[in-house]
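Presented below is the structure to which this report refers.
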Amino acid sequence: MHEAIDCYKELEHGSYGEMGKPLVGPNLWPSNPRHFKVVMERYIELCTGMGFFWVITTELSKKIMRGIALALGGSFNELEGNIAGDPFWVMRLIGYPVISMENNHDEPENDVGCGAHTDYGLLTLVNQDENITALQVRNHSGEWIWAPSIPGTFVCNIGDMLKILSNGLYESTLHRVINRSPRYRVSVAYFYEPKYDAVIEPLDICVEKTGGVKKLGQAVYGKHLVSKVTTNFGY
Ligand SMILES: O=C(O)CCC(=O)C(=O)O
Ligand SMILES: [Fe+2]
């Protein structure tokens with residue numbers, strides 16, 4: 001079980017037609033604490049790198065994507081333009097309550113804070129609560145391994161869209177959260193995504209590296225997002 005505040009890049013009326021409709025309108029920022037909106041917008045700006053020229057910004061996700069583009073054998077801006085020239089983003093502030101032992105067995109109840117899933121977009125930067133190890137990722141051998149928090153770092157997850165672009169060279173890693181600690185755990189997950197209407201398909205350079213055959217079909221990012229979100233939160 002978990003509780004979360006989700007914020008999405010706000011779309012304007014009419015942008016991206018029918019596909020954009022679920023994301024039209026402003027985020028409902030809590031008024032308490034008072035500076036919450038300002039702080040979160042700055043955090044998002046630092047992660048996205050879309051600040052105005054007079055505002056210092058780190059361009060963190062863009063720089064990581066440039067490193068990935070070079071590592072895949074492309075030009076530094078291979079993943080920009082029609083792919084992520086105008087990136088979409090999602091931000092989740094997540095709280096994982098302390099588990100309950102109310103069933104009078106020694107087995108904890110509701111200890112799965114977030115079920116096994118892959119992230120939808122390009123890259124996720126997870127800022128974890130220090131001193132609570134709760135995030136697990138599944139490795140190649142199918143084992144769940146813990147991803148402990150390392151102070152001053154993010155855990156970076158590859159998303160479904162980067163798996164397609166790389167023709168499967170990169171895996172969108174399955175992960176889940178199990179909070180068995182006696183403390184409420186908080187994490188801040190920032191999702192760096194393609195352009196909302198980007199048509200994502202394997203890059204030629206990656207197809208060449210993987211035997212010349214496209215192993216994965218194309219996807220329209222916005223449609224993938226909406227279908228995942230509406231099935232994940234089906235209430
Ligand atoms: O809380 C975490 O460490 C991970 C959260 C997560 O995987 C997600 O929100 O997609
Ligand atoms: Fe995730």
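To be explicit about the labels: the chains of the structure tokens are called A, B, and onward in the order shown, and within each one the residues are counted from 1, while ligands get numbers from 1 in the order they are shown.
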- [ ] Please provide the set of residues having any atom within 7 Å of A:Asn127, restricted to only C-alpha atoms, with same-chain residues fewer than 4 positions apart removed, written as an NGL selection string.
- [x] :A and (154-155 or 187-189)
Open item on the list: Residues within 12 Å of A:Gly14, please, as number ranges by chain. Count only C-alpha atoms; anything in the same chain fewer than 6 positions from it doesn't count.
Closed with: A: 20-25
*Please write out the residues within 12 Å of ligand 2 as a PyMOL selection string, counting only C-alpha atoms and all ligand atoms.*
chain A and resi 90-94+113-127+135-137+155-160+172-177+187-191+232
Can you list, as a PDB file with all heavy atoms, in the first residue's frame, every protein, DNA or RNA residue that comes within 9 Å of A:Lys163 when you count only C-alpha atoms, leaving out same-chain residues fewer than 6 positions away?
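Generated output (out29.pdb):
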ATOM      1  N   LEU A 122      11.171   7.268 -20.502  1.00  0.00           N
ATOM      2  CA  LEU A 122      12.578   7.119 -20.852  1.00  0.00           C
ATOM      3  C   LEU A 122      13.421   6.762 -19.634  1.00  0.00           C
ATOM      4  O   LEU A 122      14.104   5.742 -19.619  1.00  0.00           O
ATOM      5  CB  LEU A 122      13.102   8.429 -21.468  1.00  0.00           C
ATOM      6  CG  LEU A 122      12.535   8.823 -22.840  1.00  0.00           C
ATOM      7  CD1 LEU A 122      12.992  10.223 -23.213  1.00  0.00           C
ATOM      8  CD2 LEU A 122      12.957   7.829 -23.924  1.00  0.00           C
ATOM      9  N   LEU A 169      18.206  -3.419 -26.313  1.00  0.00           N
ATOM     10  CA  LEU A 169      19.563  -3.417 -25.740  1.00  0.00           C
ATOM     11  C   LEU A 169      19.500  -3.025 -24.272  1.00  0.00           C
ATOM     12  O   LEU A 169      20.255  -3.517 -23.441  1.00  0.00           O
ATOM     13  CB  LEU A 169      20.439  -2.396 -26.479  1.00  0.00           C
ATOM     14  CG  LEU A 169      21.245  -2.881 -27.669  1.00  0.00           C
ATOM     15  CD1 LEU A 169      21.906  -1.696 -28.353  1.00  0.00           C
ATOM     16  CD2 LEU A 169      22.291  -3.891 -27.234  1.00  0.00           C
ATOM     17  N   TYR A 170      18.602  -2.094 -23.962  1.00  0.00           N
ATOM     18  CA  TYR A 170      18.348  -1.717 -22.575  1.00  0.00           C
ATOM     19  C   TYR A 170      17.011  -2.308 -22.156  1.00  0.00           C
ATOM     20  O   TYR A 170      16.047  -2.239 -22.904  1.00  0.00           O
ATOM     21  CB  TYR A 170      18.284  -0.184 -22.418  1.00  0.00           C
ATOM     22  CG  TYR A 170      19.610   0.527 -22.554  1.00  0.00           C
ATOM     23  CD1 TYR A 170      19.652   1.908 -22.680  1.00  0.00           C
ATOM     24  CD2 TYR A 170      20.815  -0.159 -22.530  1.00  0.00           C
ATOM     25  CE1 TYR A 170      20.859   2.584 -22.790  1.00  0.00           C
ATOM     26  CE2 TYR A 170      22.024   0.503 -22.643  1.00  0.00           C
ATOM     27  CZ  TYR A 170      22.033   1.876 -22.771  1.00  0.00           C
ATOM     28  OH  TYR A 170      23.222   2.534 -22.879  1.00  0.00           O
ATOM     29  N   GLU A 171      16.973  -2.841 -20.966  1.00  0.00           N
ATOM     30  CA  GLU A 171      15.741  -3.436 -20.434  1.00  0.00           C
ATOM     31  C   GLU A 171      15.033  -2.416 -19.553  1.00  0.00           C
ATOM     32  O   GLU A 171      15.687  -1.670 -18.837  1.00  0.00           O
ATOM     33  CB  GLU A 171      16.147  -4.669 -19.598  1.00  0.00           C
ATOM     34  CG  GLU A 171      15.005  -5.546 -19.162  1.00  0.00           C
ATOM     35  CD  GLU A 171      14.127  -6.029 -20.312  1.00  0.00           C
ATOM     36  OE1 GLU A 171      14.620  -6.791 -21.173  1.00  0.00           O
ATOM     37  OE2 GLU A 171      12.953  -5.618 -20.346  1.00  0.00           O
ATOM     38  N   SER A 172      13.699  -2.366 -19.647  1.00  0.00           N
ATOM     39  CA  SER A 172      12.985  -1.524 -18.658  1.00  0.00           C
ATOM     40  C   SER A 172      12.804  -2.429 -17.428  1.00  0.00           C
ATOM     41  O   SER A 172      12.009  -3.362 -17.440  1.00  0.00           O
ATOM     42  CB  SER A 172      11.659  -0.983 -19.192  1.00  0.00           C
ATOM     43  OG  SER A 172      10.860  -1.973 -19.766  1.00  0.00           O
ATOM     44  N   PRO A 202      12.312   1.482 -32.623  1.00  0.00           N
ATOM     45  CA  PRO A 202      13.749   1.242 -32.477  1.00  0.00           C
ATOM     46  C   PRO A 202      14.576   2.159 -33.385  1.00  0.00           C
ATOM     47  O   PRO A 202      14.236   2.358 -34.556  1.00  0.00           O
ATOM     48  CB  PRO A 202      13.896  -0.227 -32.878  1.00  0.00           C
ATOM     49  CG  PRO A 202      12.569  -0.836 -32.550  1.00  0.00           C
ATOM     50  CD  PRO A 202      11.554   0.243 -32.868  1.00  0.00           C
ATOM     51  N   LEU A 216      11.075  -4.843 -31.498  1.00  0.00           N
ATOM     52  CA  LEU A 216       9.958  -4.258 -30.750  1.00  0.00           C
ATOM     53  C   LEU A 216       9.144  -3.346 -31.648  1.00  0.00           C
ATOM     54  O   LEU A 216       9.706  -2.622 -32.486  1.00  0.00           O
ATOM     55  CB  LEU A 216      10.505  -3.476 -29.551  1.00  0.00           C
ATOM     56  CG  LEU A 216      11.222  -4.348 -28.512  1.00  0.00           C
ATOM     57  CD1 LEU A 216      12.226  -3.552 -27.718  1.00  0.00           C
ATOM     58  CD2 LEU A 216      10.211  -5.006 -27.593  1.00  0.00           C
TER      59      LEU A 216
END
### Query
What residues in stretch 14-222 of chain A get the DSSP label alpha helix (DSSP H)? Please answer as a PyMOL selection string.
chain A and resi 17-20+36-48+60-71+81-84+160-165+204-209+221-222
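Across A:His35, A:Arg185, A:Lys63, A:Arg138, the tightest approach to ligand 1 is made by A:Arg185 when counting only C-alpha atoms and all ligand atoms.
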Could you write out, as a PyMOL selection string, all the residues of stretch 2-235 of chain A that DSSP marks as strand (DSSP E)? chain A and resi 3-8+89-96+112-117+123-128+135-138+144-146+155-158+175-178+185-192+199-200+219-220
